[in-house]
file entry_11.txt (compact mmCIF, C-alpha atoms and all ligand atoms)
# COMPACT_ATOMS: atom_id res chain seq x y z
CA MET A 867 -1.84 16.22 24.14
CA PHE A 868 -3.49 13.12 22.66
CA GLU A 869 -4.10 10.27 25.02
CA ILE A 870 -1.64 7.48 24.13
CA SER A 871 -1.13 3.95 25.44
CA LYS A 872 1.11 3.34 28.47
CA GLU A 873 3.62 1.63 26.19
CA LEU A 874 3.84 4.56 23.76
CA GLU A 875 4.08 6.96 26.71
CA TRP A 876 7.07 4.97 28.03
CA VAL A 877 8.74 4.98 24.60
CA ASN A 878 8.09 8.71 24.20
CA ASP A 879 9.59 9.46 27.64
CA THR A 880 12.67 7.33 26.87
CA PHE A 881 13.16 9.12 23.53
CA ASN A 882 12.84 12.51 25.24
CA THR A 883 15.37 11.60 27.98
CA ALA A 884 17.88 10.41 25.38
CA LYS A 885 17.23 13.49 23.25
CA SER A 886 17.83 15.89 26.13
CA SER A 887 21.13 14.10 26.88
CA GLY A 888 22.28 14.93 23.33
CA VAL A 889 22.79 11.28 22.28
CA PHE A 890 19.56 10.78 20.32
CA LYS A 891 17.94 12.78 17.51
CA ALA A 892 21.24 14.65 17.32
CA VAL A 893 21.69 17.40 14.74
CA ALA A 894 25.05 17.90 13.05
CA GLU A 895 26.37 21.43 12.68
CA ASP A 896 28.96 23.06 10.42
CA GLY A 897 27.02 23.09 7.13
CA SER A 898 29.01 20.33 5.45
CA TYR A 899 29.53 16.57 5.57
CA ASP A 900 32.29 14.28 4.29
CA GLY A 901 30.93 10.83 5.24
CA HIS A 902 33.49 10.44 8.05
CA LYS A 903 33.19 13.14 10.72
CA LEU A 904 30.40 15.40 12.00
CA VAL A 905 30.31 18.39 14.33
CA LEU A 906 28.10 18.07 17.43
CA ASN A 907 27.92 20.90 19.97
CA GLY A 908 31.06 22.39 18.47
CA LYS A 909 32.96 19.09 18.81
CA GLU A 910 34.15 16.87 15.97
CA VAL A 911 32.99 13.25 16.20
CA VAL A 912 33.57 10.18 14.01
CA PHE A 913 30.21 9.03 12.59
CA PHE A 914 29.66 5.39 13.63
CA GLY A 915 26.02 5.55 12.43
CA ASN A 916 26.61 5.95 8.71
CA CYS A 917 24.89 3.20 6.68
CA SER A 918 26.43 4.33 3.39
CA TYR A 919 28.93 1.53 3.95
CA MET A 920 30.85 1.99 0.68
CA GLY A 921 31.02 5.78 0.76
CA LEU A 922 29.39 6.04 -2.67
CA ASP A 923 27.36 9.04 -1.45
CA GLN A 924 30.64 10.99 -1.43
CA ASP A 925 32.10 9.60 -4.67
CA MET A 926 33.05 12.40 -7.07
CA GLU A 927 31.73 10.64 -10.20
CA VAL A 928 28.39 9.90 -8.50
CA ARG A 929 28.09 13.49 -7.27
CA GLN A 930 28.85 14.81 -10.75
CA ALA A 931 26.19 12.53 -12.29
CA ALA A 932 23.58 13.98 -9.88
CA LYS A 933 24.61 17.55 -10.76
CA ASP A 934 24.49 16.82 -14.51
CA ALA A 935 21.00 15.32 -14.15
CA ILE A 936 19.68 18.49 -12.52
CA ASP A 937 21.23 20.62 -15.27
CA LYS A 938 19.65 18.44 -17.94
CA TYR A 939 16.24 17.57 -16.46
CA GLY A 940 15.62 19.98 -13.55
CA CYS A 941 14.92 18.97 -9.96
CA TYR A 942 12.02 16.62 -10.62
CA PHE A 943 9.95 14.97 -13.36
CA SER A 944 6.45 15.28 -11.99
CA SER A 945 4.35 12.53 -13.53
CA SER A 946 3.49 8.96 -12.60
CA ARG A 947 5.51 6.59 -14.79
CA SER A 948 2.18 4.95 -15.71
CA PHE A 949 1.51 7.99 -17.91
CA MET A 950 5.00 9.19 -18.90
CA GLY A 951 8.60 8.58 -17.92
CA LEU A 952 12.07 9.69 -18.99
CA ASP A 953 14.44 7.53 -21.03
CA ILE A 954 16.92 7.62 -18.12
CA PHE A 955 14.44 5.64 -15.97
CA GLU A 956 14.63 2.76 -18.45
CA GLN A 957 18.43 3.13 -18.74
CA MET A 958 18.70 2.93 -14.93
CA GLU A 959 16.71 -0.33 -14.84
CA GLU A 960 18.87 -1.81 -17.60
CA LYS A 961 22.06 -0.87 -15.76
CA LEU A 962 20.76 -2.30 -12.48
CA GLU A 963 19.78 -5.52 -14.24
CA GLN A 964 23.35 -5.85 -15.51
CA MET A 965 24.58 -5.28 -11.96
CA PHE A 966 22.24 -7.77 -10.23
CA GLU A 967 21.95 -10.17 -13.18
CA GLN A 968 18.21 -10.41 -12.39
CA PRO A 969 15.07 -8.44 -13.36
CA VAL A 970 14.84 -5.22 -11.30
CA ASN A 971 12.24 -2.54 -10.51
CA VAL A 972 13.07 0.79 -8.85
CA THR A 973 11.03 2.85 -6.38
CA THR A 974 11.76 5.89 -4.23
CA SER A 975 12.17 3.79 -1.04
CA THR A 976 12.40 0.21 0.19
CA THR A 977 9.11 0.67 2.08
CA PHE A 978 7.49 1.57 -1.25
CA ALA A 979 9.08 -1.52 -2.83
CA HIS A 980 7.37 -3.75 -0.23
CA ILE A 981 4.06 -1.90 -0.63
CA SER A 982 4.10 -2.55 -4.38
CA ASN A 983 5.33 -6.14 -4.10
CA LEU A 984 3.41 -7.81 -1.31
CA PRO A 985 -0.22 -7.26 -2.31
CA LEU A 986 0.57 -8.59 -5.79
CA LEU A 987 2.79 -11.50 -4.79
CA ILE A 988 0.68 -12.84 -1.93
CA GLY A 989 -2.48 -14.58 -3.07
CA LYS A 990 -5.76 -14.96 -1.17
CA LYS A 991 -5.04 -18.62 -0.34
CA ASP A 992 -1.42 -17.97 0.75
CA VAL A 993 -0.13 -17.73 4.31
CA VAL A 994 2.68 -15.46 5.55
CA ILE A 995 5.12 -16.29 8.34
CA ILE A 996 7.29 -13.40 9.53
CA ASP A 997 10.48 -13.48 11.59
CA HIS A 998 9.68 -11.41 14.69
CA LEU A 999 12.72 -9.15 14.12
CA VAL A 1000 11.85 -8.42 10.47
CA HIS A 1001 12.06 -4.72 9.58
CA SER A 1002 9.09 -2.47 10.36
CA SER A 1003 8.73 -1.47 6.66
CA LEU A 1004 7.85 -5.07 5.73
CA GLN A 1005 5.41 -5.34 8.63
CA THR A 1006 3.75 -2.11 7.49
CA ALA A 1007 3.36 -3.36 3.91
CA LEU A 1008 2.04 -6.67 5.19
CA LYS A 1009 -0.82 -4.88 6.96
CA ILE A 1010 -2.32 -4.20 3.50
CA CYS A 1011 -2.44 -7.98 3.00
CA THR A 1012 -3.82 -8.76 6.46
CA ALA A 1013 -6.57 -6.18 5.89
CA ASP A 1014 -7.48 -8.32 2.87
CA GLY A 1015 -7.78 -11.36 5.14
CA ILE A 1016 -4.39 -13.02 4.48
CA HIS A 1017 -3.45 -15.28 7.40
CA THR A 1018 -0.16 -14.18 9.06
CA GLU A 1019 1.95 -15.79 11.78
CA ILE A 1020 5.00 -14.51 13.69
CA ILE A 1021 7.88 -16.84 14.44
CA ARG A 1022 10.88 -16.48 16.78
CA HIS A 1023 14.02 -15.04 15.22
CA SER A 1024 15.74 -17.36 12.72
CA ARG A 1025 14.10 -20.47 14.25
CA LEU A 1026 14.03 -22.63 11.16
CA ASP A 1027 13.10 -25.69 13.23
CA LEU A 1028 9.82 -23.98 14.22
CA LEU A 1029 9.43 -22.71 10.66
CA GLU A 1030 9.64 -26.20 9.20
CA ASP A 1031 7.00 -27.44 11.66
CA ARG A 1032 4.67 -24.64 10.49
CA ILE A 1033 5.36 -25.40 6.80
CA LYS A 1034 4.36 -29.02 7.41
CA ALA A 1035 1.22 -27.94 9.28
CA LEU A 1036 0.10 -25.26 6.80
CA LYS A 1037 0.83 -26.89 3.46
CA GLU A 1038 -2.38 -28.90 3.35
CA THR A 1039 -4.62 -25.86 3.91
CA HIS A 1040 -2.79 -23.09 2.01
CA HIS A 1041 -1.44 -22.49 -1.46
CA ARG A 1042 1.96 -20.75 -1.01
CA ILE A 1043 3.75 -20.41 2.35
CA TRP A 1044 5.79 -17.18 2.46
CA TYR A 1045 8.57 -16.51 4.97
CA MET A 1046 9.52 -12.83 5.43
CA ILE A 1047 13.02 -11.99 6.60
CA ASP A 1048 15.74 -9.36 6.56
CA GLY A 1049 18.89 -10.44 4.72
CA VAL A 1050 21.02 -8.53 7.23
CA TYR A 1051 19.05 -7.53 10.33
CA SER A 1052 19.32 -3.79 10.75
CA MET A 1053 19.86 -3.65 14.52
CA MET A 1054 21.92 -6.70 15.58
CA GLY A 1055 23.62 -7.04 12.19
CA ASP A 1056 23.12 -10.80 11.92
CA GLY A 1057 22.50 -12.42 8.54
CA ALA A 1058 19.57 -14.69 7.71
CA PRO A 1059 20.42 -18.42 7.42
CA MET A 1060 20.13 -18.40 3.62
CA LYS A 1061 21.70 -21.80 2.91
CA GLU A 1062 19.21 -23.55 5.20
CA LEU A 1063 16.36 -21.53 3.66
CA GLU A 1064 17.51 -22.58 0.21
CA GLN A 1065 17.24 -26.18 1.34
CA LEU A 1066 13.69 -25.59 2.61
CA MET A 1067 12.74 -23.97 -0.73
CA ASN A 1068 14.09 -27.06 -2.49
CA THR A 1069 12.30 -29.46 -0.15
CA TYR A 1070 8.85 -27.87 0.03
CA GLU A 1071 7.28 -26.91 -3.28
CA GLN A 1072 4.89 -24.41 -1.65
CA PHE A 1073 7.60 -22.59 0.36
CA TYR A 1074 8.69 -19.09 -0.83
CA VAL A 1075 11.05 -16.51 0.70
CA TYR A 1076 10.70 -12.72 0.64
CA ALA A 1077 13.89 -11.01 1.86
CA ASP A 1078 14.56 -7.36 2.68
CA ASP A 1079 18.30 -7.04 2.02
CA ALA A 1080 18.48 -3.25 2.53
CA HIS A 1081 21.55 -3.55 4.78
CA GLY A 1082 23.17 -6.30 2.71
CA THR A 1083 23.30 -4.24 -0.50
CA SER A 1084 26.64 -3.12 -2.02
CA TRP A 1085 29.19 -3.95 0.69
CA THR A 1086 29.18 -7.64 -0.22
CA GLY A 1087 28.41 -9.95 -3.15
CA LYS A 1088 29.47 -9.85 -6.79
CA ASN A 1089 29.05 -6.26 -8.13
CA GLY A 1090 27.60 -5.30 -4.73
CA SER A 1091 24.58 -7.57 -5.23
CA GLY A 1092 24.27 -8.05 -1.48
CA TYR A 1093 24.28 -10.54 1.38
CA VAL A 1094 21.44 -12.81 0.21
CA MET A 1095 22.76 -13.18 -3.33
CA ASN A 1096 26.25 -13.79 -1.97
CA GLU A 1097 25.02 -16.61 0.26
CA ILE A 1098 22.98 -18.52 -2.33
CA LYS A 1099 22.49 -18.72 -6.07
CA TYR A 1100 19.33 -16.86 -7.05
CA HIS A 1101 16.32 -19.12 -6.45
CA ALA A 1102 13.10 -19.28 -8.51
CA LYS A 1103 11.08 -18.85 -5.28
CA LEU A 1104 13.09 -15.93 -3.87
CA PHE A 1105 11.77 -12.34 -4.06
CA MET A 1106 13.58 -9.34 -2.65
CA GLY A 1107 13.39 -5.71 -1.65
CA LEU A 1108 16.80 -3.97 -1.58
CA SER A 1109 17.94 -0.43 -0.88
CA MET A 1110 19.87 2.29 -2.61
CA SER A 1111 19.79 4.32 0.65
CA LYS A 1112 22.44 2.31 2.56
CA GLY A 1113 25.57 0.84 0.95
CA PHE A 1114 24.48 2.08 -2.49
CA GLY A 1115 24.69 5.63 -1.16
CA ILE A 1116 22.17 7.50 -3.30
CA GLY A 1117 18.62 6.92 -1.92
CA GLY A 1118 15.74 4.77 -3.17
CA GLY A 1119 14.43 1.22 -3.19
CA LEU A 1120 14.93 -1.81 -5.45
CA MET A 1121 12.90 -4.92 -6.15
CA ILE A 1122 14.60 -8.06 -7.51
CA TYR A 1123 12.65 -10.88 -9.16
CA PRO A 1124 13.33 -14.41 -10.36
CA ASP A 1125 11.65 -13.70 -13.72
CA LYS A 1126 10.77 -10.88 -16.16
CA GLU A 1127 7.00 -11.56 -16.00
CA THR A 1128 6.75 -10.80 -12.27
CA LYS A 1129 8.87 -7.68 -12.69
CA GLU A 1130 6.53 -6.42 -15.43
CA LEU A 1131 3.45 -7.30 -13.38
CA VAL A 1132 4.65 -5.22 -10.40
CA LYS A 1133 5.89 -2.42 -12.70
CA ASN A 1134 2.37 -2.22 -14.21
CA LEU A 1135 0.21 -2.77 -11.14
CA GLY A 1136 2.28 -2.10 -7.98
CA LYS A 1137 0.48 0.51 -5.85
CA THR A 1138 3.49 2.81 -5.51
CA MET A 1139 4.47 2.25 -9.16
CA ILE A 1140 1.11 3.72 -10.20
CA PHE A 1141 0.14 6.16 -7.47
CA SER A 1142 3.54 7.58 -6.44
CA GLY A 1143 6.06 9.71 -8.30
CA PRO A 1144 9.24 8.40 -9.97
CA PRO A 1145 12.76 8.70 -8.49
CA HIS A 1146 14.37 12.15 -8.84
CA PRO A 1147 16.47 12.59 -12.02
CA SER A 1148 19.54 13.25 -9.84
CA VAL A 1149 18.97 9.88 -8.11
CA VAL A 1150 18.46 8.14 -11.45
CA MET A 1151 21.69 9.41 -13.01
CA SER A 1152 23.68 8.81 -9.84
CA ALA A 1153 22.19 5.27 -9.59
CA ILE A 1154 23.48 4.56 -13.11
CA LYS A 1155 26.95 5.82 -12.14
CA ALA A 1156 26.97 4.00 -8.77
CA ALA A 1157 25.97 0.74 -10.54
CA GLU A 1158 28.80 1.23 -13.08
CA ILE A 1159 31.29 1.74 -10.24
CA GLN A 1160 30.06 -1.40 -8.47
CA MET A 1161 30.63 -3.44 -11.64
CA ARG A 1162 34.27 -2.35 -11.93
CA PRO A 1163 36.83 -4.95 -10.77
CA GLN A 1164 38.36 -2.42 -8.33
CA PHE A 1165 35.09 -2.32 -6.36
CA ALA A 1166 35.83 -5.81 -4.97
CA ASP A 1167 39.04 -4.36 -3.44
CA LEU A 1168 36.98 -1.69 -1.63
CA GLN A 1169 34.63 -4.38 -0.31
CA LEU A 1170 37.65 -6.36 0.91
CA ASP A 1171 39.08 -3.30 2.60
CA LEU A 1172 35.83 -2.82 4.55
CA LYS A 1173 35.68 -6.53 5.42
CA ARG A 1174 39.20 -6.26 6.95
CA LYS A 1175 37.97 -3.42 9.16
CA ILE A 1176 34.93 -5.50 10.15
CA GLU A 1177 37.29 -8.33 11.21
CA TYR A 1178 39.46 -5.89 13.14
CA PHE A 1179 36.44 -4.45 14.99
CA TRP A 1180 35.31 -7.95 16.03
CA LYS A 1181 38.75 -8.95 17.23
CA LYS A 1182 39.27 -5.79 19.23
CA ALA A 1183 35.76 -5.81 20.80
CA THR A 1184 36.24 -9.45 21.80
CA GLN A 1185 39.74 -8.79 23.24
CA LEU A 1186 38.28 -5.99 25.37
CA ASN A 1187 35.54 -8.35 26.60
CA LEU A 1188 32.75 -6.05 25.35
CA PRO A 1189 29.30 -7.71 25.26
CA ILE A 1190 29.05 -7.82 21.46
CA SER A 1191 26.06 -9.56 19.90
CA GLY A 1192 26.24 -12.62 17.65
CA ASN A 1193 29.14 -13.62 15.46
CA PHE A 1194 28.21 -12.30 12.04
CA LYS A 1195 30.71 -10.44 9.92
CA THR A 1196 28.62 -7.52 8.68
CA PRO A 1197 29.24 -3.74 9.01
CA ILE A 1198 26.58 -3.50 11.77
CA PHE A 1199 27.70 -4.15 15.36
CA PHE A 1200 25.60 -4.24 18.50
CA ILE A 1201 27.06 -4.04 22.00
CA GLY A 1202 24.73 -4.62 24.95
CA ALA A 1203 24.79 -2.34 27.99
CA GLY A 1204 21.88 -3.50 30.19
CA THR A 1205 19.78 -0.38 30.72
CA THR A 1206 18.66 2.78 28.94
CA GLU A 1207 20.48 4.83 31.59
CA ASN A 1208 23.71 2.96 30.82
CA ILE A 1209 23.51 3.44 27.03
CA ILE A 1210 22.87 7.17 27.43
CA ASN A 1211 25.81 7.41 29.83
CA ILE A 1212 28.18 5.49 27.54
CA ALA A 1213 27.05 7.33 24.37
CA ALA A 1214 27.61 10.70 26.08
CA HIS A 1215 31.13 9.61 27.13
CA LEU A 1216 31.81 8.50 23.54
CA ILE A 1217 30.73 11.88 22.13
CA GLU A 1218 33.10 13.57 24.61
CA THR A 1219 35.92 11.35 23.36
CA GLY A 1220 35.17 11.79 19.65
CA SER A 1221 32.75 9.03 18.50
CA PHE A 1222 29.03 9.10 17.71
CA VAL A 1223 27.10 5.80 18.03
CA ASN A 1224 23.38 4.90 17.94
CA VAL A 1225 21.55 4.32 21.24
CA CYS A 1226 18.98 1.52 20.87
CA SER A 1227 16.26 0.46 23.26
CA TYR A 1228 12.75 -0.93 22.94
CA PRO A 1229 10.92 -0.91 20.50
CA SER A 1230 13.80 -0.91 17.98
CA VAL A 1231 15.27 -3.91 19.86
CA PRO A 1232 13.73 -6.39 22.35
CA MET A 1233 13.43 -5.15 25.96
CA LYS A 1234 16.29 -7.34 27.20
CA ASN A 1235 18.65 -6.18 24.45
CA THR A 1236 19.20 -2.50 25.13
CA GLY A 1237 22.56 -1.44 23.72
CA LEU A 1238 24.67 0.56 21.29
CA ARG A 1239 24.66 0.04 17.56
CA MET A 1240 27.62 0.98 15.42
CA THR A 1241 28.07 0.86 11.67
CA LEU A 1242 31.33 0.89 9.73
CA SER A 1243 31.64 2.87 6.54
CA ARG A 1244 34.82 2.63 4.50
CA PHE A 1245 35.88 6.07 5.76
CA ILE A 1246 36.33 4.79 9.33
CA THR A 1247 40.00 4.21 10.15
CA TYR A 1248 41.62 1.56 12.38
CA ALA A 1249 42.57 4.37 14.79
CA ASP A 1250 38.88 5.45 14.92
CA ILE A 1251 37.91 1.88 15.89
CA ASP A 1252 40.60 1.76 18.61
CA ASN A 1253 39.47 5.09 20.06
CA LEU A 1254 35.79 4.06 20.05
CA LEU A 1255 36.22 0.64 21.63
CA GLU A 1256 38.83 1.66 24.22
CA ASN A 1257 36.61 4.50 25.42
CA MET A 1258 33.57 2.24 25.49
CA ASN A 1259 35.52 -0.22 27.64
CA LEU A 1260 36.50 2.63 29.97
CA ALA A 1261 32.89 3.86 30.31
CA MET A 1262 31.73 0.30 31.02
CA THR A 1263 34.45 -0.24 33.63
CA ILE A 1264 33.26 2.89 35.48
CA LEU A 1265 29.63 1.66 35.37
CA GLU A 1266 30.76 -1.73 36.71
CA ALA A 1267 32.58 -0.07 39.60
CA GLN A 1268 29.32 1.79 40.38
CA GLY A 1269 27.42 -1.52 40.38
CA LYS A 1270 25.30 -0.46 37.37
CA LEU A 1271 26.54 -2.98 34.84
CA ASP A 1272 27.33 -6.68 34.84
CA ARG A 1273 29.01 -7.56 31.51
CA GLU A 1274 28.63 -11.30 31.96
CA LYS A 1275 24.86 -10.95 32.52
CA VAL A 1276 24.53 -8.71 29.47
CA LYS A 1277 26.60 -11.13 27.37
CA LYS A 1278 24.23 -13.94 28.31
CA ALA A 1279 21.21 -11.93 27.08
CA PHE A 1280 22.99 -11.65 23.71
CA SER A 1281 23.95 -15.30 23.32
CA PRO A 1282 22.50 -16.73 20.07
CA LYS A 1283 20.21 -18.98 22.17
CA GLU A 1284 18.76 -16.07 24.18
CA LEU A 1285 18.43 -13.82 21.10
CA ARG A 1286 16.32 -16.45 19.40
CA LYS A 1287 13.99 -16.33 22.43
CA ALA A 1288 13.89 -12.54 22.80
CA GLU A 1289 10.46 -11.05 22.21
CA LYS A 1290 10.11 -7.67 20.53
CA VAL A 1291 6.36 -7.74 20.09
C1 LIG B 1301 16.08 -3.44 6.72
C2 LIG B 1301 15.41 -2.17 6.29
N1 LIG B 1301 14.43 -2.24 5.38
C3 LIG B 1301 13.78 -1.12 4.97
C4 LIG B 1301 14.09 0.12 5.46
C5 LIG B 1301 13.31 1.31 5.00
O1 LIG B 1301 13.95 1.89 3.95
P1 LIG B 1301 13.33 3.16 3.21
O2 LIG B 1301 13.63 4.34 4.04
O3 LIG B 1301 14.03 3.18 1.89
O4 LIG B 1301 11.87 2.91 3.06
C6 LIG B 1301 15.13 0.25 6.40
C7 LIG B 1301 15.47 1.60 6.93
O5 LIG B 1301 16.36 1.91 7.54
C8 LIG B 1301 15.79 -0.92 6.83
O6 LIG B 1301 16.76 -0.85 7.74
call {"tool": "encode", "arguments": {"input": "entry_11.txt", "output": "structure tokens", "more": "lines below"}}
Ligand SMILES: Cc1ncc(COP(=O)(O)O)c(C=O)c1O
result
Amino acid sequence: MFEISKELEWVNDTFNTAKSSGVFKAVAEDGSYDGHKLVLNGKEVVFFGNCSYMGLDQDMEVRQAAKDAIDKYGCYFSSSRSFMGLDIFEQMEEKLEQMFEQPVNVTTSTTFAHISNLPLLIGKKDVVIIDHLVHSSLQTALKICTADGIHTEIIRHSRLDLLEDRIKALKETHHRIWYMIDGVYSMMGDGAPMKELEQLMNTYEQFYVYADDAHGTSWTGKNGSGYVMNEIKYHAKLFMGLSMSKGFGIGGGLMIYPDKETKELVKNLGKTMIFSGPPHPSVVMSAIKAAEIQMRPQFADLQLDLKRKIEYFWKKATQLNLPISGNFKTPIFFIGAGTTENIINIAAHLIETGSFVNVCSYPSVPMKNTGLRMTLSRFITYADIDNLLENMNLAMTILEAQGKLDREKVKKAFSPKELRKAEKV
């Protein structure tokens, strides 16, 4: 065994304990999947970890498009697009540009989108400020820039007061000041304060925003354009990485730009645009179909239907006095439970009673914010939500009687004020 740091050893041990309890790194059985239920240890459970929020992965038209693509083009087109591409790659970009009403590039993952974007967008004289809860994929891509000597600073979560102080301090010595955020944060489900950021972009000429809206894509915004583009009108100093692997339901990454020139620059010179393969033909044809579906007027009704379930979940969790984090209305929910032992205990009880949720402890969330993460896809029913939350309340009541949980203390650790102080790194 390699020697690893004490911190990694602790994380590894925690992962192994959760895995042996059957609540982490679970493997579904039964050889099929319908987007709603899974079979675990011979027992059917409702899948509260599905990030394909709109169920497009299961849509019959999208599935057929993927099958047709394989019949027409085979399983893969093995060449960098720098040398040769298929006409459907260009058709996909055109369709996505109609959907987002902005210039778009496509990669095989959001991580690859960041790796192509950041080294080209961030200049030698720029400075980067990152929100400390920003997704790991952005932090990984940023390391390419820091290796090139770009100055980087970390700032407490969504603390725009501190951000503005840093903008004022850095604007004399640097060219552009970039702020890196998630549109919807993948663990706690809170949205970035876009309206305030828009104001900062308007006030400070050198201030730019780079947003990863992987979890905002599809379930909200006109044509499924996402959280960020629903909050503000597209800004000339806003750059984004989005995902086709969550609400979009088909796999892959997207890059959205304020202008055609930057799109073409990254398409020509982005590291993963040159040195990595193109998306699979089945993904390309299903992306075209999924984009068409998202542009139909009926898609807004599906978004509304999910938003009603989101409201219902919030209301019910609050009525049951569960320690739910924040007050954002997104399909990601986080309920604190104090300790790793508690989350494993509650998650095991939930599997027994028919629900699968995600157990989350450090390093995916700050130390003080251990808890359970749940996502809502459109397949989840109101009865599923009732069953999940009532059983969670029951498991928590038992832990309280055993003196292992204090809901009020946990709630305090999840107050917006405390979350903004919580350290992950
Ligand atoms: C906010 C966010 N950004 C990026 C990613 C990485 O996406 P990909 O697997 O497409 O690289 C994830 C993955 O879950 C994510 O939650």
call {"tool": "residues_around", "arguments": {"input": "entry_11.txt", "residues": "range 1247-1261 of chain A", "least_positions_apart": "6", "cutoff": "8 Å", "atoms": "all atoms listed in the file", "output": "list of chain:residue names"}}
result
A:Val912, A:Lys1175, A:Tyr1178, A:Phe1179, A:Lys1182, A:Ala1183, A:Leu1186, A:Leu1188, A:Asn1211, A:Ile1212, A:His1215, A:Leu1216, A:Thr1219, A:Gly1220, A:Ser1221
call {"tool": "atom_distance", "arguments": {"input": "entry_11.txt", "atom1": "CA of Val877 in chain A", "atom2": "CA of Ser1227 in chain A"}}
result
8.9 Å
call {"tool": "closest_residue", "arguments": {"input": "entry_11.txt", "among": "A:Leu904, A:Val1223, A:Leu1242, A:Leu984", "to": "Arg1174 in chain A", "atoms": "all atoms listed in the file"}}
result
A:Leu1242
call {"tool": "atom_distance", "arguments": {"input": "entry_11.txt", "atom1": "atom O2 of ligand LIG 1301 (chain B)", "atom2": "CA of Ile1198 in chain A"}}
result
17.0 Å
call {"tool": "closest_residue", "arguments": {"input": "entry_11.txt", "among": "A:His1101, A:His980, A:Arg1022, A:Lys938", "to": "ligand LIG 1301 (chain B)", "atoms": "only C-alpha atoms and all ligand atoms"}}
result
A:His980
call {"tool": "residues_near_ligand", "arguments": {"input": "entry_11.txt", "ligand": "ligand LIG 1301 (chain B)", "cutoff": "7 Å", "atoms": "all atoms listed in the file", "output": "PDB file with C-alpha atoms, keeping the file's coordinate frame"}}
result
ATOM      1  CA  SER A 975      12.170   3.790  -1.040  1.00  0.00           C
ATOM      2  CA  THR A 976      12.400   0.210   0.190  1.00  0.00           C
ATOM      3  CA  THR A 977       9.110   0.670   2.080  1.00  0.00           C
ATOM      4  CA  PHE A 978       7.490   1.570  -1.250  1.00  0.00           C
ATOM      5  CA  HIS A1001      12.060  -4.720   9.580  1.00  0.00           C
ATOM      6  CA  SER A1003       8.730  -1.470   6.660  1.00  0.00           C
ATOM      7  CA  ASP A1048      15.740  -9.360   6.560  1.00  0.00           C
ATOM      8  CA  TYR A1051      19.050  -7.530  10.330  1.00  0.00           C
ATOM      9  CA  SER A1052      19.320  -3.790  10.750  1.00  0.00           C
ATOM     10  CA  ASP A1078      14.560  -7.360   2.680  1.00  0.00           C
ATOM     11  CA  ASP A1079      18.300  -7.040   2.020  1.00  0.00           C
ATOM     12  CA  ALA A1080      18.480  -3.250   2.530  1.00  0.00           C
ATOM     13  CA  HIS A1081      21.550  -3.550   4.780  1.00  0.00           C
ATOM     14  CA  SER A1109      17.940  -0.430  -0.880  1.00  0.00           C
ATOM     15  CA  SER A1111      19.790   4.320   0.650  1.00  0.00           C
ATOM     16  CA  GLY A1118      15.740   4.770  -3.170  1.00  0.00           C
ATOM     17  CA  GLY A1119      14.430   1.220  -3.190  1.00  0.00           C
TER      18      GLY A1119
END
call {"tool": "closest_residue", "arguments": {"input": "entry_11.txt", "among": "A:Asp1027, A:Asp992, A:Glu1218, A:Glu959", "to": "Leu906 in chain A", "atoms": "only C-alpha atoms"}}
result
A:Glu1218
call {"tool": "atom_distance", "arguments": {"input": "entry_11.txt", "atom1": "CA of Leu1168 in chain A", "atom2": "CA of Gly1107 in chain A"}}
result
23.9 Å
